[in-house]
Amino acid sequence: MNYYLIAGEASGDLQASYLIKELALIDNSANFRCFGGELMEQQGATLVKHYKELAFMGIEAVIMNIRTILKNIAFCKKDIKQYNPDVLILVDYPGFNLKIAKWAKNNNIKVYYYISPKIWAWNQNRGNTIKKIVDKMFVILPFEKEFYQQFNYEVDFVGHPLLDSIADREDVAFNDFCKTHHLSRKPIIALLPGSRKQEITSMLNLMLTVVDKFPGHQFVIAGAPSQPLSFYKQLITADIALIENKTYDLLQQATAAIVVSGTATLETALFRVPQVVCYKTGRLFYHLAKLIIKVKYISLVNLIANKELVTELIQNELNTKNLTQELEKILIPKTRQSMLEGYEELHQKLGGIGASKRAAKLIVNYLS
């Protein structure tokens with residue numbers, strides 16, 4: 001069968017690459033063409049356009065690059081039509097992918113979606129739209145299946161592919177890690193300030209205010225692959241280590257972490273690292289967001305657990321005093337143990353390893 005996949009970010013490239021690998025094992029006649037990245041290409045897909053040519057984050061960036069975005073959409077439609085796939089598989093990236101899904105449905109192209117847009121957080125009525133334009137949806141969060149049921153739309157929960165990504169990793173000894181990255185042998189507190197420039201600038205400055213209060217630990221920043229080293233050097237005034245594009249390696253060695261809300265909170269939990277979750281944005285945007293956000297928590301960890309498993313410091317609560325107090329708490333053995341036990345429950349809810357394999361089997365079965 002001929003598969004056309006679209007992933008618009010680095011995370012989508014990773015998860016789509018796992019899916020391609022599993023599809024190829026099941027379907028000996030499989031051919032793959034994609035918008036994506038090197039990882040998908042390494043699994044045998046013909047790469048038409050790299051996700052770096054698609055990624056425009058934030059309203060200002062979208063407005064400034066609207067012509068490029070429209071050209072990419074038009075080119076994508078033309079390329080899909082020429083390839084004439086048996087199925088179009090969309091991976092997250094809703095701003096682009098939902099437009100392509102609507103067009104594909106109108107052109108009688110079968111549309112499958114792997115990793116649902118997070119419509120449960122806001123603009124939930126898009127569930128009706130997705131039901132109309134997506135033939136099969138494969139979700140990775142346990143509560144998403146129940147969410148879509150309110151639209152009388154049956155979706156498949158396959159488990160979270162992060163479990164596969166982490167299970168594939170080799171353990172590295174702490175001393176070897178420190179030697180490689182020129183670190184001391186003090187316990188590590190990881191700082192994960194996000195991936196976007198504005199986010200990193202505001203969050204990292206706050207995170208660094210607690211460094212002097214923990215002399216028995218070393219703080220290490222997880223550098224995002226999307227940002228150059230020169231950008232971080234402008235922000236770091238203290239003698240703080242930065243490790244570029246090695247977040248998983250860092251989490252594997254960390255004793256604790258301060259994490260900006262997002263997928264990184266779940267990654268941190270799956271590495272069994274106690275954490276404090278942070279979120280802060282502009283005052284006007286925050287008050288507008290409160291009007292439309294429909295969830296109780298901002299971290300995936302708490303959303304999946306359906307309780308406050310990790311502390312969330314949001315907006316005015318995010319300050320040096322509170323951040324210091326919460327970090328001190330998760331360094332206490334009793335508090336750490338309680339959080340780690342919660343992580344084990346979380347791990348069970350996510351369905352165990354094999355999400356990509358389960359999704360691939362379902363896709364081939366449905367196509368058959």
# chains A, B, ... in the order shown; residues from 1 in each chain; ligands from 1
>>> residues_around(residues="Phe177 of chain A", least_positions_apart="2", cutoff="12 Å", atoms="only C-alpha atoms", output="list in words")
Asp171, Val172, Ala173, Phe174, Asn175, Lys179, Thr180, His181, His182, Leu183, Ser184, Arg185, Ile188, Ile243, Lys246, Tyr248, Asp249, Leu250, Leu251, Gln252, Gln253 and Ala254 of chain A
>>> residues_around(residues="segment 75-88 of chain A", least_positions_apart="4", cutoff="7 Å", atoms="only C-alpha atoms", output="list in words")
Met1, Asn2, Tyr3, Tyr4, Leu5, Lys71, Ile109, Lys110, Val111 and Tyr112 of chain A
>>> atom_distance(atom1="atom CA of Ile330 of chain A", atom2="atom CA of Val276 of chain A")
8.1 Å
>>> atom_distance(atom1="atom CA of Pro161 of chain A", atom2="atom CA of Gln15 of chain A")
6.6 Å
>>> residues_around(residues="Ile130 of chain A", least_positions_apart="2", cutoff="10 Å", atoms="only C-alpha atoms", output="PyMOL selection string")
chain A and resi 98+101-102+113+116-117+119+125-128+132-137+148+151+153
>>> residues_around(residues="Ile140 of chain A", least_positions_apart="4", cutoff="8 Å", atoms="only C-alpha atoms", output="ChimeraX atom specification")
/A:115-116,144,157-161,350,355
>>> atom_distance(atom1="atom CA of Asn319 of chain A", atom2="atom CA of Asn205 of chain A")
10.7 Å
>>> residues_around(residues="Pro228 of chain A", least_positions_apart="2", cutoff="12 Å", atoms="only C-alpha atoms", output="list in words")
Ser195, Arg196, Lys197, Gly223, Ala224, Pro225, Ser226, Ser230, Phe231, Tyr232, Lys233, Gln234, Leu242, Ile243, Glu244 and Asn245 of chain A
>>> residues_around(residues="Leu19 of chain A", least_positions_apart="3", cutoff="9 Å", atoms="only C-alpha atoms", output="short mmCIF file (atom, residue, chain, number, x, y, z; two decimals) with N, CA and C atoms, in the first residue's frame")
data_model
loop_
_atom_site.label_atom_id
_atom_site.label_comp_id
_atom_site.auth_asym_id
_atom_site.auth_seq_id
_atom_site.Cartn_x
_atom_site.Cartn_y
_atom_site.Cartn_z
N LEU A 14 9.67 12.15 15.01
CA LEU A 14 10.08 11.00 15.81
C LEU A 14 8.98 9.95 15.86
N GLN A 15 7.77 10.37 16.23
CA GLN A 15 6.69 9.40 16.39
C GLN A 15 6.25 8.81 15.05
N ALA A 16 6.26 9.60 14.00
CA ALA A 16 5.93 9.09 12.67
C ALA A 16 6.97 8.08 12.20
N GLU A 22 7.01 0.30 12.00
CA GLU A 22 6.08 -0.78 12.32
C GLU A 22 5.18 -1.13 11.13
N LEU A 23 4.76 -0.13 10.37
CA LEU A 23 3.95 -0.38 9.18
C LEU A 23 4.72 -1.22 8.16
N ALA A 24 6.00 -0.90 8.00
CA ALA A 24 6.84 -1.63 7.04
C ALA A 24 7.02 -3.09 7.44
N ALA A 355 2.94 1.34 21.50
CA ALA A 355 1.91 2.20 20.90
C ALA A 355 2.01 2.22 19.38
N SER A 356 3.22 2.36 18.87
CA SER A 356 3.42 2.44 17.42
C SER A 356 3.01 1.14 16.74
N LYS A 357 3.34 0.02 17.38
CA LYS A 357 2.98 -1.28 16.82
C LYS A 357 1.46 -1.47 16.81
N ALA A 359 -0.82 0.90 16.77
CA ALA A 359 -1.39 1.80 15.77
C ALA A 359 -1.20 1.24 14.36
N ALA A 360 -0.03 0.72 14.07
CA ALA A 360 0.27 0.16 12.75
C ALA A 360 -0.65 -1.00 12.43
#
>>> select_by_dssp(residues="segment 199-347 of chain A", states="alpha helix (DSSP H)", output="number ranges by chain")
A: 199-207, 229-235, 247-253, 263-270, 283-292, 300-305, 320-330, 333-347
>>> select_by_dssp(residues="segment 213-297 of chain A", states="strand (DSSP E)", output="count of residues only")
20
>>> residues_around(residues="Leu318 of chain A", least_positions_apart="2", cutoff="10 Å", atoms="only C-alpha atoms", output="PyMOL selection string")
chain A and resi 203+206-207+277-280+312-316+320-323
>>> write_last_selection(atoms="N, CA and C atoms", output="CSV table (one decimal), in the first residue's frame")
chain,number,residue,atom,x,y,z
A,203,MET,N,11.0,32.1,31.1
A,203,MET,CA,11.0,31.0,32.1
A,203,MET,C,12.4,30.8,32.7
A,206,LEU,N,13.5,33.1,35.4
A,206,LEU,CA,12.9,32.8,36.7
A,206,LEU,C,13.6,31.6,37.3
A,207,MET,N,13.8,30.6,36.5
A,207,MET,CA,14.4,29.3,37.0
A,207,MET,C,15.8,29.6,37.6
A,277,VAL,N,6.2,22.1,38.0
A,277,VAL,CA,5.8,22.6,36.7
A,277,VAL,C,5.5,24.1,36.7
A,278,CYS,N,6.0,24.8,35.7
A,278,CYS,CA,5.9,26.2,35.7
A,278,CYS,C,5.1,26.7,34.4
A,279,TYR,N,4.4,27.8,34.6
A,279,TYR,CA,3.8,28.4,33.4
A,279,TYR,C,3.5,29.9,33.7
A,280,LYS,N,3.9,30.7,32.8
A,280,LYS,CA,3.7,32.2,32.9
A,280,LYS,C,3.6,32.8,31.6
A,312,GLU,N,1.9,22.7,40.2
A,312,GLU,CA,1.9,23.6,39.1
A,312,GLU,C,1.9,25.1,39.6
A,313,LEU,N,3.0,25.8,39.3
A,313,LEU,CA,3.1,27.2,39.7
A,313,LEU,C,2.7,28.0,38.5
A,314,ILE,N,1.6,28.6,38.5
A,314,ILE,CA,1.0,29.3,37.4
A,314,ILE,C,0.9,30.8,37.6
A,315,GLN,N,1.4,31.6,36.7
A,315,GLN,CA,1.3,33.0,36.6
A,315,GLN,C,1.8,33.7,37.9
A,316,ASN,N,1.0,34.3,38.7
A,316,ASN,CA,1.6,35.1,39.9
A,316,ASN,C,2.1,34.1,40.9
A,320,THR,N,10.3,33.3,42.8
A,320,THR,CA,11.4,32.7,43.4
A,320,THR,C,11.1,32.0,44.7
A,321,LYS,N,10.3,32.6,45.6
A,321,LYS,CA,10.0,32.0,46.9
A,321,LYS,C,9.3,30.7,46.7
A,322,ASN,N,8.2,30.7,45.9
A,322,ASN,CA,7.4,29.5,45.8
A,322,ASN,C,8.2,28.4,45.1
A,323,LEU,N,9.0,28.8,44.1
A,323,LEU,CA,9.8,27.8,43.3
A,323,LEU,C,10.8,27.2,44.2
>>> closest_residue(among="A:Ile73, A:Asn106, A:Phe138, A:Arg67", to="Leu90 of chain A", atoms="only C-alpha atoms")
A:Phe138
